[in-house]
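Undergrad: Encoded as C-alpha cells, here's the structure I'll be asking about.
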Amino acid sequence: VGAALFSLLSAWAPDFFLLVLARAALGACTAGVPAAAMAYLGEELPVAQRARAMGLYIGANALGGMAGRLLAGACSDWAGSWHYGLSAVSVLGLLVAVLFWRLLPAARHFTPHSLQPGLLFSDVRRIYADAGLPWLFCVAFLGMGTLVGLYNYLPFRLSQAPYALGPAAIGSVFLLYSRLLDTETCSFDISLITVEDRYGQTDPYCEIVIDKVSG
C-alpha cells in the first residue's frame, strides 16, 4: 500500500527533488517484499508444494513488471502525459495491494524474533559467515543491476533520434520479459528449486547462470 501511494505521489511531484524522494520511498517500501514473500512461502507451505509456489511467484513478478510497463506506456500515449500513465499503474497497484491484504491467509507457522540491534547484527553475521550465501547475494546483485540498468537506459535511447518512439512503443520493449514466463524456463527454474529443496545443493545455480548467458 505504501509503495502504491508513493508511486502516486511521484506521478504528480512538482519538482525533480520530490520526484526522486518519492521514488526512493517507494523503493524502501518494496525492497523487502521478495524476501518476505519467499519466507512466507517457506514457512507456510509443505516441502512438496514449496518449489512450485516459489517458481510461480517468480513468474508472476515478471508478468507484473511487464504488464505495468505496458499499461503505463499505453495510458501515457492516450492521455499525452507520463503523469497519467504512472497514476494508472499506481491506482491499480493500490487496489491489488488492498485485495491481496484481504485475501492472504494469516501466517500460522511464523515465529517472531527480537528486533534488538545486537541480535539482528548477530543474525546478519551468521548469514555472511556461510561459505555460499555471500556469492549468491553477489549473483543476485549483479543480475538485478544489469537488468535494471539495461531497461532504464533503453527508454531514454529509444525516445531519441533516430528512433523517436512514443511511450506505448517503448513500453512494448518490456514484452521481452515474456522470456521469463515461457513454460520451458519456468519448469527449468522450478526443477532447480526442487533439487535445492531435496538435496540442499548449490551446484544447480551454475546451470541457471549458463542458461541465462546462453540466452
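Convention: chains lettered A, B, ... in C-alpha cells order; per-chain residue numbering from 1; ligands numbered from 1 as shown.
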Show which residues sit within 12 Å of Gly27 in chain A, as a list in words. Count only C-alpha atoms, and ignore same-chain residues fewer than 3 positions away.
TA: Gly2, Ala3, Ala4, Leu5, Phe6, Ser7, Ser10, Val20, Leu21, Ala22, Arg23, Ala24, Thr30, Ala31, Gly32 and Val33 of chain A
Undergrad: Give me the residues of range 54-104 of chain A that have any atom at most 12 Å from an atom of range 149-157 of chain A; for each, the nearest atom pair and the distance in Å, rounded to one decimal. Use only C-alpha atoms, sort by chain and number, and format it as a tab-separated table.
TA:
residue	atom	partner	partner_atom	distance
A:Gly65	CA	A:Tyr151	CA	11.3
A:Met66	CA	A:Tyr151	CA	11.3
A:Arg69	CA	A:Tyr151	CA	10.7
A:Gly73	CA	A:Pro155	CA	10.7
Undergrad: Check the smallest atom-to-atom distance from each of A:Cys29, A:Met144, A:Ala11, A:Ala168 to Ala74 in chain A using only C-alpha atoms, then report the winner.
TA: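 Smallest separation from Ala74 in chain A among the options: A:Ala168.
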Undergrad: To one decimal place, how far is CA of Asn61 in chain A from CA of Pro134 in chain A in Å?
TA: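 Straight-line distance from CA of Asn61 in chain A to CA of Pro134 in chain A works out to 23.5 Å.
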Undergrad: Measuring between only C-alpha atoms, which one of A:His109, A:Leu26, A:Leu18, A:Met38 shows the shortest distance to Gly55 in chain A?
TA: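 Closest candidate: A:Met38.
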Undergrad: Report the distance between CA of Gly68 in chain A and CA of Ser87 in chain A in Å, rounded to one decimal place.
TA: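 It comes out at 11.0 Å.
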Undergrad: Ranking A:Leu147, A:Pro34, A:Pro14, A:Ala48 by minimum distance to Ala60 in chain A and counting only C-alpha atoms, which one comes first?
TA: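 Smallest distance to Ala60 in chain A is found for A:Pro34.
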Undergrad: To one decimal place, how far is CA of Phe174 in chain A from CA of Leu41 in chain A in Å?
TA: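 About the pair CA of Phe174 in chain A and CA of Leu41 in chain A: they are 27.6 Å apart.
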Undergrad: For a quick check of understanding, using only C-alpha atoms, which of A:Met54, A:Ala37, A:Leu119, A:Leu70 has the smallest distance to Leu104 in chain A?
TA: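 Comparing A:Met54, A:Ala37, A:Leu119, A:Leu70 against Leu104 in chain A, the winner is A:Ala37.
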Undergrad: In terms of the shortest atom-to-atom distance over only C-alpha atoms, which of A:Val1, A:Glu44, A:Ala28, A:Ala35 is closest to Ala106 in chain A?
TA: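 For Ala106 in chain A, the nearest of the given residues is A:Glu44.
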Undergrad: Out of range 3-177 of chain A, which residues get helix (DSSP H, G or I) from DSSP, as a PyMOL selection string?
TA: chain A and resi 3-11+16-30+33-44+47-79+82-103+117-128+133-158+167-177
Undergrad: For Gly166 in chain A, find every residue with an atom within 7 Å (counting only C-alpha atoms), except residues of its own chain fewer than 4 positions away, and show them as a PDB file with C-alpha atoms, in the first residue's frame.
TA:
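The resulting result.pdb:
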ATOM      1  CA  ASP A  77       0.236   7.726 -25.133  1.00  0.00           C
ATOM      2  CA  SER A 159      12.916   8.123 -27.325  1.00  0.00           C
ATOM      3  CA  ILE A 170       8.816   1.879 -25.751  1.00  0.00           C
TER       4      ILE A 170
END
